[in-house]
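Chemist: target-v4.txt is the file, holding compact mmCIF, C-alpha atoms:
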# COMPACT_ATOMS: atom_id res chain seq x y z
CA MET A 888 9.61 5.13 35.94
CA ALA A 889 9.42 5.61 32.18
CA PHE A 890 6.92 2.75 32.11
CA ILE A 891 4.58 4.51 34.54
CA ARG A 892 4.99 7.85 32.75
CA ASP A 893 4.26 6.29 29.35
CA MET A 894 1.23 4.49 30.72
CA PHE A 895 -0.28 7.59 32.32
CA ASP A 896 0.54 9.67 29.25
CA VAL A 897 -1.53 7.27 27.18
CA LEU A 898 -4.33 7.12 29.73
CA GLY A 899 -4.50 10.92 29.66
CA MET A 900 -4.96 11.03 25.90
CA ARG A 901 -8.19 11.74 24.06
CA CYS A 902 -9.77 9.01 21.90
CA GLU A 903 -8.62 10.91 18.82
CA GLN A 904 -5.03 10.34 19.94
CA HIS A 905 -5.69 6.78 21.06
CA ALA A 906 -6.96 6.01 17.57
CA VAL A 907 -3.65 7.17 16.10
CA LEU A 908 -1.73 5.08 18.61
CA VAL A 909 -3.83 1.99 17.87
CA SER A 910 -3.09 2.41 14.18
CA ARG A 911 0.60 3.00 14.86
CA GLN A 912 0.74 -0.19 16.90
CA ALA A 913 -0.14 -2.07 13.73
CA ASP A 914 3.07 -0.76 12.16
CA GLU A 915 5.59 -0.81 14.96
CA PRO A 916 5.89 -2.02 18.54
CA LEU A 917 4.99 0.57 21.16
CA ARG A 918 6.84 1.04 24.44
CA MET A 919 5.63 -1.26 27.20
CA GLY A 920 4.05 1.56 29.19
CA GLN A 921 2.15 2.70 26.08
CA VAL A 922 0.99 -0.87 25.45
CA TRP A 923 -0.44 -1.16 28.96
CA GLY A 924 -1.98 2.30 28.88
CA LEU A 925 -3.64 1.51 25.58
CA TRP A 926 -4.78 -1.90 26.81
CA LEU A 927 -6.44 -0.33 29.85
CA HIS A 928 -8.11 2.33 27.72
CA LEU A 929 -9.43 -0.26 25.28
CA ARG A 930 -11.01 -2.14 28.19
CA ILE A 931 -13.20 0.85 29.01
CA CYS A 932 -13.67 2.61 25.65
CA LYS A 933 -16.06 0.92 23.24
CA GLY A 934 -15.22 3.30 20.38
CA CYS A 935 -11.47 2.67 20.51
CA ALA A 936 -12.00 -1.07 21.02
CA GLN A 937 -14.19 -1.12 17.93
CA TRP A 938 -11.55 0.83 15.98
CA ARG A 939 -8.93 -1.75 16.96
CA LYS A 940 -11.23 -4.60 15.94
CA HIS A 941 -11.98 -2.96 12.60
CA ILE A 942 -8.28 -2.42 11.90
CA ASP A 943 -7.62 -6.10 12.61
CA GLN A 944 -10.51 -7.13 10.35
CA MET A 945 -9.38 -4.83 7.53
CA ARG A 946 -5.83 -6.16 7.76
CA ALA A 947 -7.09 -9.74 7.60
CA MET A 948 -9.27 -8.91 4.59
CA LEU A 949 -6.39 -7.15 2.82
CA ARG A 950 -4.22 -10.22 3.34
CA ALA A 951 -7.02 -12.33 1.85
CA ILE A 952 -7.20 -9.99 -1.14
CA ASP A 953 -3.44 -10.30 -1.63
CA ALA A 954 -3.67 -14.09 -1.41
CA GLU A 955 -6.31 -14.06 -4.16
CA GLU A 956 -4.23 -11.72 -6.31
CA SER A 957 -1.10 -13.81 -5.80
CA ALA A 958 -2.95 -16.84 -7.14
CA SER A 959 -4.02 -15.01 -10.30
CA PRO A 960 -2.44 -15.93 -13.68
CA ALA A 961 1.18 -15.04 -14.35
CA MET A 962 2.30 -12.51 -16.93
CA PRO A 963 1.32 -13.61 -20.45
CA GLY A 964 4.25 -14.71 -22.59
CA ASP A 965 3.64 -12.10 -25.28
CA ALA A 966 3.63 -9.27 -22.73
CA ARG A 967 6.85 -10.61 -21.23
CA ASP A 968 8.45 -10.76 -24.68
CA ARG A 969 7.47 -7.18 -25.47
CA ILE A 970 8.84 -5.93 -22.16
CA ALA A 971 12.05 -7.93 -22.61
CA ARG A 972 12.51 -6.38 -26.05
CA SER A 973 11.94 -2.88 -24.73
CA LEU A 974 14.43 -3.44 -21.91
CA GLY A 975 16.95 -4.81 -24.37
CA ALA A 976 16.50 -1.80 -26.61
CA ALA A 977 16.70 0.66 -23.75
CA ASN A 978 19.51 3.05 -24.33
CA ARG A 979 18.81 5.24 -21.41
CA ASP A 980 21.01 7.36 -19.34
CA VAL A 981 22.27 4.97 -16.71
CA ASP A 982 24.48 7.50 -15.00
CA GLY A 983 22.44 6.99 -11.88
CA MET A 984 23.89 3.53 -11.60
CA MET B 356 26.51 -18.09 -9.70
CA PHE B 357 24.77 -15.94 -12.25
CA VAL B 358 23.16 -13.77 -9.60
CA GLY B 359 26.45 -13.41 -7.81
CA CYS B 360 28.10 -12.25 -11.00
CA MET B 361 25.39 -9.67 -11.48
CA GLU B 362 25.76 -8.41 -7.96
CA ASP B 363 29.47 -8.02 -8.58
CA ALA B 364 28.67 -6.14 -11.75
CA ARG B 365 26.38 -3.82 -9.85
CA VAL B 366 29.05 -3.03 -7.32
CA ASN B 367 31.39 -2.10 -10.13
CA VAL B 368 28.73 -0.02 -11.79
CA VAL B 369 27.91 1.81 -8.59
CA ALA B 370 31.55 2.55 -8.13
CA GLY B 371 31.55 4.09 -11.55
CA ALA B 372 34.31 1.73 -12.60
CA MET B 373 32.65 0.82 -15.89
CA PRO B 374 32.63 2.80 -19.07
CA ARG B 375 29.23 4.05 -20.25
CA GLU B 376 28.64 1.16 -22.68
CA GLY B 377 29.47 -1.34 -19.96
CA ARG B 378 27.04 0.36 -17.58
CA GLU B 379 24.28 0.19 -20.15
CA ASP B 380 24.97 -3.47 -20.81
CA ALA B 381 24.96 -4.24 -17.09
CA ALA B 382 21.70 -2.34 -16.69
CA ARG B 383 20.09 -4.33 -19.51
CA VAL B 384 21.23 -7.62 -18.01
CA MET B 385 19.86 -6.59 -14.62
CA GLY B 386 16.60 -5.50 -16.22
CA GLN B 387 16.23 -8.92 -17.84
CA ARG B 388 17.01 -10.66 -14.55
CA TRP B 389 14.42 -8.58 -12.70
CA LEU B 390 11.89 -9.39 -15.41
CA THR B 391 12.62 -13.09 -14.99
CA GLU B 392 12.62 -13.10 -11.20
CA TYR B 393 10.01 -10.49 -10.32
CA GLY B 394 8.02 -10.10 -13.54
CA ASP B 395 5.07 -12.15 -12.32
CA VAL B 396 4.94 -10.44 -8.91
CA LEU B 397 5.03 -7.02 -10.57
CA TRP B 398 2.47 -8.09 -13.16
CA ARG B 399 -0.05 -9.33 -10.58
CA PHE B 400 0.50 -6.23 -8.45
CA CYS B 401 0.04 -3.82 -11.37
CA LEU B 402 -2.89 -5.72 -12.89
CA ALA B 403 -4.75 -5.89 -9.58
CA ARG B 404 -4.34 -2.15 -9.07
CA THR B 405 -5.12 -0.98 -12.61
CA ARG B 406 -7.41 -3.81 -13.78
CA SER B 407 -6.17 -3.28 -17.31
CA VAL B 408 -3.83 -5.67 -19.09
CA GLN B 409 -2.47 -2.89 -21.29
CA VAL B 410 -1.85 -0.51 -18.41
CA ALA B 411 -0.35 -3.27 -16.27
CA GLU B 412 2.12 -4.12 -19.04
CA GLU B 413 3.00 -0.46 -19.39
CA MET B 414 3.49 -0.14 -15.61
CA VAL B 415 5.74 -3.21 -15.39
CA GLN B 416 7.81 -1.95 -18.29
CA GLU B 417 8.09 1.56 -16.83
CA THR B 418 9.00 0.09 -13.44
CA LEU B 419 11.85 -1.98 -14.84
CA LEU B 420 13.13 0.85 -17.02
CA ALA B 421 13.11 3.19 -14.01
CA ALA B 422 14.86 0.53 -11.93
CA MET B 423 17.54 0.12 -14.60
CA LYS B 424 18.06 3.86 -14.69
CA ASN B 425 18.22 4.21 -10.91
CA ALA B 426 19.88 0.96 -9.90
CA GLY B 427 22.62 2.98 -8.25
CA THR B 428 20.16 4.36 -5.73
CA PHE B 429 19.28 0.87 -4.51
CA ALA B 430 21.24 0.63 -1.30
CA GLY B 431 20.16 -2.89 -0.41
CA GLU B 432 18.31 -1.65 2.69
CA SER B 433 15.17 -3.41 1.49
CA SER B 434 14.84 -6.50 -0.66
CA GLU B 435 15.03 -6.09 -4.42
CA GLN B 436 11.39 -7.14 -4.65
CA THR B 437 10.30 -4.46 -2.18
CA TRP B 438 12.36 -1.85 -4.00
CA LEU B 439 10.76 -2.81 -7.32
CA LEU B 440 7.27 -2.89 -5.79
CA GLY B 441 7.93 0.58 -4.38
CA ILE B 442 8.80 1.86 -7.85
CA ALA B 443 5.71 0.15 -9.28
CA ALA B 444 3.51 1.67 -6.56
CA ASN B 445 4.84 5.13 -7.40
CA LYS B 446 4.28 4.55 -11.13
CA ILE B 447 0.70 3.39 -10.57
CA ALA B 448 -0.02 6.29 -8.19
CA ASP B 449 1.36 8.69 -10.81
CA PHE B 450 -0.82 7.03 -13.44
CA PHE B 451 -3.96 7.54 -11.35
CA ARG B 452 -3.00 11.12 -10.51
CA LYS B 453 -2.55 11.84 -14.20
CA GLN B 454 -5.89 10.24 -14.98
CA ALA B 455 -7.58 12.25 -12.26
CA ARG B 456 -6.05 15.44 -13.64
CA GLU B 457 -7.27 14.61 -17.10
CA GLY B 458 -10.67 13.82 -15.69
CA ALA B 459 -10.63 10.45 -17.36
CA ARG B 460 -11.14 8.46 -14.22
CA VAL B 461 -14.56 9.12 -12.87
CA ALA B 462 -15.18 5.74 -11.33
CA SER B 463 -16.66 5.87 -7.86
CA ALA B 464 -18.07 9.27 -8.56
CA LYS B 465 -21.52 7.85 -7.86
CA ASP B 466 -21.20 8.42 -4.15
CA GLY B 467 -19.01 11.47 -4.46
CA HIS B 468 -15.92 9.78 -3.09
CA GLY B 469 -13.68 9.30 -6.07
CA ARG B 470 -9.95 8.68 -5.98
CA GLY B 471 -8.07 11.73 -4.89
CA CYS B 472 -11.01 13.04 -2.91
CA ALA B 473 -10.09 14.35 0.50
CA CYS B 474 -12.79 11.96 1.72
CA GLY B 475 -15.17 13.77 3.98
CA GLY B 476 -16.03 10.41 5.47
CA CYS B 477 -12.75 10.47 7.36
CA ALA B 478 -13.64 13.73 9.05
CA GLY B 479 -16.26 14.07 11.75
CA GLU B 480 -15.27 10.82 13.45
CA PHE B 481 -14.63 12.69 16.68
CA ALA B 482 -16.57 15.20 18.74
CA SER B 483 -14.97 18.46 19.81
CA ASP B 484 -13.89 16.88 23.12
CA GLY B 485 -11.83 14.26 21.23
CA ARG B 486 -14.22 11.40 21.95
CA TRP B 487 -15.76 9.30 19.22
CA ALA B 488 -18.74 11.09 17.73
CA ARG B 489 -20.40 7.73 17.12
CA ILE B 490 -19.39 4.12 17.36
CA GLU B 491 -19.26 2.21 14.10
CA PRO B 492 -21.28 -0.99 14.30
CA ALA B 493 -19.47 -4.32 14.38
CA TRP B 494 -18.84 -6.02 11.05
CA SER B 495 -20.25 -9.48 10.71
CA MET B 496 -18.11 -11.75 8.56
CA GLU B 497 -19.06 -15.15 9.85
CA GLU B 498 -21.01 -16.21 6.77
CA GLN B 499 -19.14 -16.76 3.53
CA ALA B 500 -21.52 -14.44 1.68
CA GLU B 501 -20.92 -11.65 4.21
CA ARG B 502 -17.18 -12.13 3.93
CA SER B 503 -17.29 -12.04 0.13
CA ALA B 504 -19.38 -8.88 0.20
CA MET B 505 -16.95 -7.24 2.61
CA LEU B 506 -13.97 -8.14 0.41
CA SER B 507 -15.77 -6.69 -2.58
CA HIS B 508 -16.55 -3.47 -0.66
CA LEU B 509 -12.96 -3.23 0.53
CA ARG B 510 -11.64 -3.57 -3.01
CA GLY B 511 -13.89 -0.70 -4.02
CA CYS B 512 -12.67 1.36 -1.07
CA LEU B 513 -9.03 0.68 -1.98
CA ASP B 514 -9.78 2.13 -5.40
CA GLU B 515 -11.14 5.28 -3.79
CA LEU B 516 -8.09 6.02 -1.64
CA PRO B 517 -5.97 8.97 -2.71
CA PRO B 518 -2.84 7.64 -4.50
CA ALA B 519 -0.44 8.82 -1.76
CA GLN B 520 -2.30 6.73 0.83
CA ALA B 521 -3.13 3.89 -1.53
CA LYS B 522 0.49 3.08 -2.37
CA LEU B 523 1.28 2.75 1.34
CA VAL B 524 -1.63 0.37 1.87
CA TRP B 525 -0.63 -1.67 -1.18
CA LEU B 526 2.88 -2.19 0.14
CA ARG B 527 2.30 -2.31 3.89
CA GLU B 528 -1.01 -4.15 4.17
CA LEU B 529 -1.45 -6.03 0.92
CA LYS B 530 2.13 -7.12 0.32
CA GLY B 531 3.01 -7.19 4.04
CA VAL B 532 6.24 -5.24 3.58
CA PRO B 533 7.77 -4.28 6.96
CA SER B 534 7.31 -0.61 7.93
CA ASP B 535 10.99 0.32 7.72
CA GLU B 536 11.27 -1.15 4.23
CA VAL B 537 8.15 0.72 3.11
CA CYS B 538 9.68 3.97 4.34
CA LYS B 539 12.90 3.28 2.45
CA ALA B 540 11.14 2.11 -0.71
CA LEU B 541 8.94 5.23 -0.82
CA GLY B 542 11.49 7.63 0.65
CA ILE B 543 9.34 8.82 3.55
CA SER B 544 9.95 9.13 7.28
CA ALA B 545 8.45 6.72 9.81
CA THR B 546 6.29 9.50 11.26
CA ASN B 547 5.00 10.37 7.81
CA MET B 548 4.16 6.72 7.20
CA TRP B 549 2.23 6.30 10.49
CA THR B 550 0.26 9.45 9.81
CA ARG B 551 -0.63 8.44 6.27
CA MET B 552 -1.40 4.87 7.29
CA HIS B 553 -3.72 6.11 10.03
CA ARG B 554 -5.54 8.36 7.57
CA ALA B 555 -5.74 5.53 5.06
CA ARG B 556 -7.19 3.14 7.65
CA ALA B 557 -9.67 5.76 8.80
CA ALA B 558 -10.68 6.41 5.19
CA LEU B 559 -11.05 2.69 4.47
CA ARG B 560 -13.20 2.15 7.55
CA ALA B 561 -15.37 5.16 6.78
CA CYS B 562 -15.76 3.95 3.20
CA LEU B 563 -16.63 0.41 4.29
CA GLY B 564 -19.18 1.81 6.73
CA ARG B 565 -20.82 3.84 3.94
CA LYS B 566 -20.92 0.87 1.59
CA LEU B 567 -22.39 -1.41 4.26
CA ARG B 568 -25.07 1.13 5.17
CA SER B 569 -25.85 1.58 1.50
CA ALA B 570 -26.07 -2.19 0.95
CA HIS B 571 -28.33 -2.62 3.98
CA ALA B 572 -30.53 0.25 2.82
CA SER B 573 -30.87 -1.43 -0.60
CA GLU B 574 -31.78 -4.73 1.04
CA ASP B 575 -34.34 -3.06 3.26
CA GLY B 576 -35.74 -1.15 0.30
CA GLY B 577 -36.00 -4.32 -1.77
CA ALA B 578 -37.63 -6.31 0.99
Give the structure from the file, written as C-alpha cells.

Modeler:
Amino acid sequence: MAFIRDMFDVLGMRCEQHAVLVSRQADEPLRMGQVWGLWLHLRICKGCAQWRKHIDQMRAMLRAIDAEESASPAMPGDARDRIARSLGAANRDVDGM
Amino acid sequence: MFVGCMEDARVNVVAGAMPREGREDAARVMGQRWLTEYGDVLWRFCLARTRSVQVAEEMVQETLLAAMKNAGTFAGESSEQTWLLGIAANKIADFFRKQAREGARVASAKDGHGRGCACGGCAGEFASDGRWARIEPAWSMEEQAERSAMLSHLRGCLDELPPAQAKLVWLRELKGVPSDEVCKALGISATNMWTRMHRARAALRACLGRKLRSAHASEDGGA
C-alpha cells in the first residue's frame, strides 16, 4: 500500500520537485514506490530525463577530475618539514581532546 | 602496533585521564601521524582547490592543528581521512569567504558569476507551473577534445560555487565520501545536505550551460 502511495505521490509532483528527488537519489536510496514513480515520470518528461543525464555526466566528470588530482605530485619535502615543525611546536589548548 | 598505541592514547585523552602535558604530547604525536598518513591526500585536496602552493601548505597546517585541538570531537563515525578532509574543506571555504570579503578574489567576475554569488543561473529553470522553462541541450562528450573542454569548464564552475555548496561537492562528488559521513564531517543534517547538493548541482549545470553556449558563440563568431 505504501508502495502505491509513494508512487502516486511522486507521479503527482511537479518537475521542480522531481528535479530535487532525482538529485536526492544520487545521495541516498529512495523508497521503492518513489523509484518507480520517478522512473515512470522520466519516461515521459524530457526535461527531467535530461536533468538526470546531466547529473550522471557531471558526477562522472567530477570523478575524472578527482582521479587527475589524485595522480598529481605528493607534498614537497620542505613543505612537509615545515608543517611537521609547526605541529611539533604547537602548544595549543588541547582541552577539547 | 604503533597505530594501536595511539588509538589507546586517544581513548585516554578523551577520557581526560591524562594531565595537560600528556594531552599535548599525545596531540603532537597524533598530528605527526596524520601528517604522515594523510599529508599527501590533504595536500592534493588543498592544492587542487586553492591552486597555490603557499595557501595549500597553510591549509594543511591549519587543518592538522585544528584536528589536534579538536581530536576529542572525533567520534569515529566517519573515517579519520573523511574527518580531516571535512576540516580541510571548512578551512578552504573559510579562506575563500575571507578573500571574497576582502575583495581580493575577483576571478570569474568576467561573466558576473563569481564565487559567493547567489548565481542567477540557478533561478528561472522552472516556469510558474513547476515545469521546466526550457530543456538544456544534451552534452556531447564522445570526442576527447569535447571531454577535455567539458572538464575544463567544470573546473571553472567548481571555482564559482559558493563555499557552502562547494565544500559539499568536494567531499561528496570529488572524494566520493558517503552521504552520512559528509553530514557528520560537516555537522549538517541529511535534509540540509540534499538541499545544498541539489542547489550545487543546479548551479553547476547552469554554469556549464553558460560556458558551453559562450564557447559555441566564440566558435561561431570566429568561423

Chemist: What are the nearest atom pairs, with distances in Å to one decimal, for all residues of chain B that come at most 8 Å from chain A, using only C-alpha atoms, set out by chain and rising residue number as JSON lines?

Modeler:
{"residue": "B:Arg365", "atom": "CA", "partner": "A:Met984", "partner_atom": "CA", "distance": 8.0}
{"residue": "B:Val368", "atom": "CA", "partner": "A:Met984", "partner_atom": "CA", "distance": 6.0}
{"residue": "B:Val369", "atom": "CA", "partner": "A:Met984", "partner_atom": "CA", "distance": 5.3}
{"residue": "B:Gly371", "atom": "CA", "partner": "A:Met984", "partner_atom": "CA", "distance": 7.7}
{"residue": "B:Arg375", "atom": "CA", "partner": "A:Val981", "partner_atom": "CA", "distance": 7.9}
{"residue": "B:Arg378", "atom": "CA", "partner": "A:Val981", "partner_atom": "CA", "distance": 6.7}
{"residue": "B:Glu379", "atom": "CA", "partner": "A:Val981", "partner_atom": "CA", "distance": 6.2}
{"residue": "B:Ala382", "atom": "CA", "partner": "A:Val981", "partner_atom": "CA", "distance": 7.3}
{"residue": "B:Arg383", "atom": "CA", "partner": "A:Gly975", "partner_atom": "CA", "distance": 5.8}
{"residue": "B:Gly386", "atom": "CA", "partner": "A:Leu974", "partner_atom": "CA", "distance": 6.4}
{"residue": "B:Gln387", "atom": "CA", "partner": "A:Ala971", "partner_atom": "CA", "distance": 6.4}
{"residue": "B:Leu390", "atom": "CA", "partner": "A:Ala971", "partner_atom": "CA", "distance": 7.3}
{"residue": "B:Gly394", "atom": "CA", "partner": "A:Met962", "partner_atom": "CA", "distance": 7.1}
{"residue": "B:Asp395", "atom": "CA", "partner": "A:Ala961", "partner_atom": "CA", "distance": 5.3}
{"residue": "B:Val396", "atom": "CA", "partner": "A:Ser957", "partner_atom": "CA", "distance": 7.6}
{"residue": "B:Trp398", "atom": "CA", "partner": "A:Met962", "partner_atom": "CA", "distance": 5.8}
{"residue": "B:Arg399", "atom": "CA", "partner": "A:Glu956", "partner_atom": "CA", "distance": 6.4}
{"residue": "B:Phe400", "atom": "CA", "partner": "A:Glu956", "partner_atom": "CA", "distance": 7.6}
{"residue": "B:Ala403", "atom": "CA", "partner": "A:Glu956", "partner_atom": "CA", "distance": 6.7}
{"residue": "B:Glu412", "atom": "CA", "partner": "A:Ala966", "partner_atom": "CA", "distance": 6.5}
{"residue": "B:Val415", "atom": "CA", "partner": "A:Ile970", "partner_atom": "CA", "distance": 7.9}
{"residue": "B:Gln416", "atom": "CA", "partner": "A:Ile970", "partner_atom": "CA", "distance": 5.6}
{"residue": "B:Leu419", "atom": "CA", "partner": "A:Leu974", "partner_atom": "CA", "distance": 7.7}
{"residue": "B:Leu420", "atom": "CA", "partner": "A:Leu974", "partner_atom": "CA", "distance": 6.6}
{"residue": "B:Met423", "atom": "CA", "partner": "A:Val981", "partner_atom": "CA", "distance": 7.1}
{"residue": "B:Lys424", "atom": "CA", "partner": "A:Val981", "partner_atom": "CA", "distance": 4.8}
{"residue": "B:Asn425", "atom": "CA", "partner": "A:Gly983", "partner_atom": "CA", "distance": 5.1}
{"residue": "B:Ala426", "atom": "CA", "partner": "A:Met984", "partner_atom": "CA", "distance": 5.1}
{"residue": "B:Gly427", "atom": "CA", "partner": "A:Met984", "partner_atom": "CA", "distance": 3.6}
{"residue": "B:Thr428", "atom": "CA", "partner": "A:Met984", "partner_atom": "CA", "distance": 7.0}
{"residue": "B:Phe481", "atom": "CA", "partner": "A:Glu903", "partner_atom": "CA", "distance": 6.6}
{"residue": "B:Asp484", "atom": "CA", "partner": "A:Arg901", "partner_atom": "CA", "distance": 7.7}
{"residue": "B:Gly485", "atom": "CA", "partner": "A:Glu903", "partner_atom": "CA", "distance": 5.2}
{"residue": "B:Arg486", "atom": "CA", "partner": "A:Cys902", "partner_atom": "CA", "distance": 5.1}
{"residue": "B:Trp487", "atom": "CA", "partner": "A:Gly934", "partner_atom": "CA", "distance": 6.1}
{"residue": "B:Arg489", "atom": "CA", "partner": "A:Gly934", "partner_atom": "CA", "distance": 7.6}
{"residue": "B:Ile490", "atom": "CA", "partner": "A:Gly934", "partner_atom": "CA", "distance": 5.2}
{"residue": "B:Glu491", "atom": "CA", "partner": "A:Gln937", "partner_atom": "CA", "distance": 7.2}
{"residue": "B:Pro492", "atom": "CA", "partner": "A:Gln937", "partner_atom": "CA", "distance": 8.0}
{"residue": "B:Ala493", "atom": "CA", "partner": "A:Gln937", "partner_atom": "CA", "distance": 7.1}
{"residue": "B:Trp494", "atom": "CA", "partner": "A:His941", "partner_atom": "CA", "distance": 7.7}
{"residue": "B:Leu506", "atom": "CA", "partner": "A:Met948", "partner_atom": "CA", "distance": 6.3}
{"residue": "B:Leu509", "atom": "CA", "partner": "A:Met948", "partner_atom": "CA", "distance": 7.9}
{"residue": "B:Glu528", "atom": "CA", "partner": "A:Leu949", "partner_atom": "CA", "distance": 6.3}
{"residue": "B:Leu529", "atom": "CA", "partner": "A:Asp953", "partner_atom": "CA", "distance": 5.4}
{"residue": "B:Lys530", "atom": "CA", "partner": "A:Asp953", "partner_atom": "CA", "distance": 6.7}
{"residue": "B:Gly531", "atom": "CA", "partner": "A:Arg950", "partner_atom": "CA", "distance": 7.9}
{"residue": "B:Pro533", "atom": "CA", "partner": "A:Asp914", "partner_atom": "CA", "distance": 7.8}
{"residue": "B:Ser534", "atom": "CA", "partner": "A:Asp914", "partner_atom": "CA", "distance": 6.0}
{"residue": "B:Trp549", "atom": "CA", "partner": "A:Arg911", "partner_atom": "CA", "distance": 5.7}
{"residue": "B:Thr550", "atom": "CA", "partner": "A:Val907", "partner_atom": "CA", "distance": 7.7}
{"residue": "B:Met552", "atom": "CA", "partner": "A:Ser910", "partner_atom": "CA", "distance": 7.5}
{"residue": "B:His553", "atom": "CA", "partner": "A:Ser910", "partner_atom": "CA", "distance": 5.6}
{"residue": "B:Arg556", "atom": "CA", "partner": "A:Ile942", "partner_atom": "CA", "distance": 7.1}
{"residue": "B:Arg560", "atom": "CA", "partner": "A:His941", "partner_atom": "CA", "distance": 7.3}

Chemist: Find the residues near B:Cys538: any atom within 12 Å, counting all atoms listed in the file, skip ones fewer than 5 places away on the same chain, and give them as a VMD selection string.

Modeler: (chain A and resid 914) or (chain B and resid 432 to 433 437 to 438 441 522 to 523 526 to 527 532 to 533 543 to 549 551 to 552)

Chemist: Looking at B:His571, B:Arg510, B:Arg502, B:Arg565, which one is nearest to B:Arg404, with distances taken over only C-alpha atoms?

Modeler: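 When distances to B:Arg404 are compared using only C-alpha atoms, the smallest one comes from B:Arg510.
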
Chemist: What is the atom CA of B:Ala519 to atom CA of B:Ala422 distance in Å?

Modeler: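 Computing the Euclidean distance for atom CA of B:Ala519 and atom CA of B:Ala422 yields 20.2 Å.
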
Chemist: Have a look at atom CA of B:Ala421 and atom CA of B:Ser407 and let me know their distance in Å, one decimal.

Modeler: 20.6 Å

Chemist: Would you compute, for all listed atoms of stretch 902-905 of chain A, the axis-aligned bounding box grown by 6 Å on each side, and then report its centre and edge lengths in Å rounded to one decimal, as AutoDock Vina command-line options?

Modeler:
--center_x -7.4 --center_y 8.8 --center_z 20.4 --size_x 16.7 --size_y 16.1 --size_z 15.1

Chemist: Could you jot down the atom CA of B:Leu397 to atom CA of B:Leu440 separation for me, Å, one decimal place?

Modeler: 6.7 Å
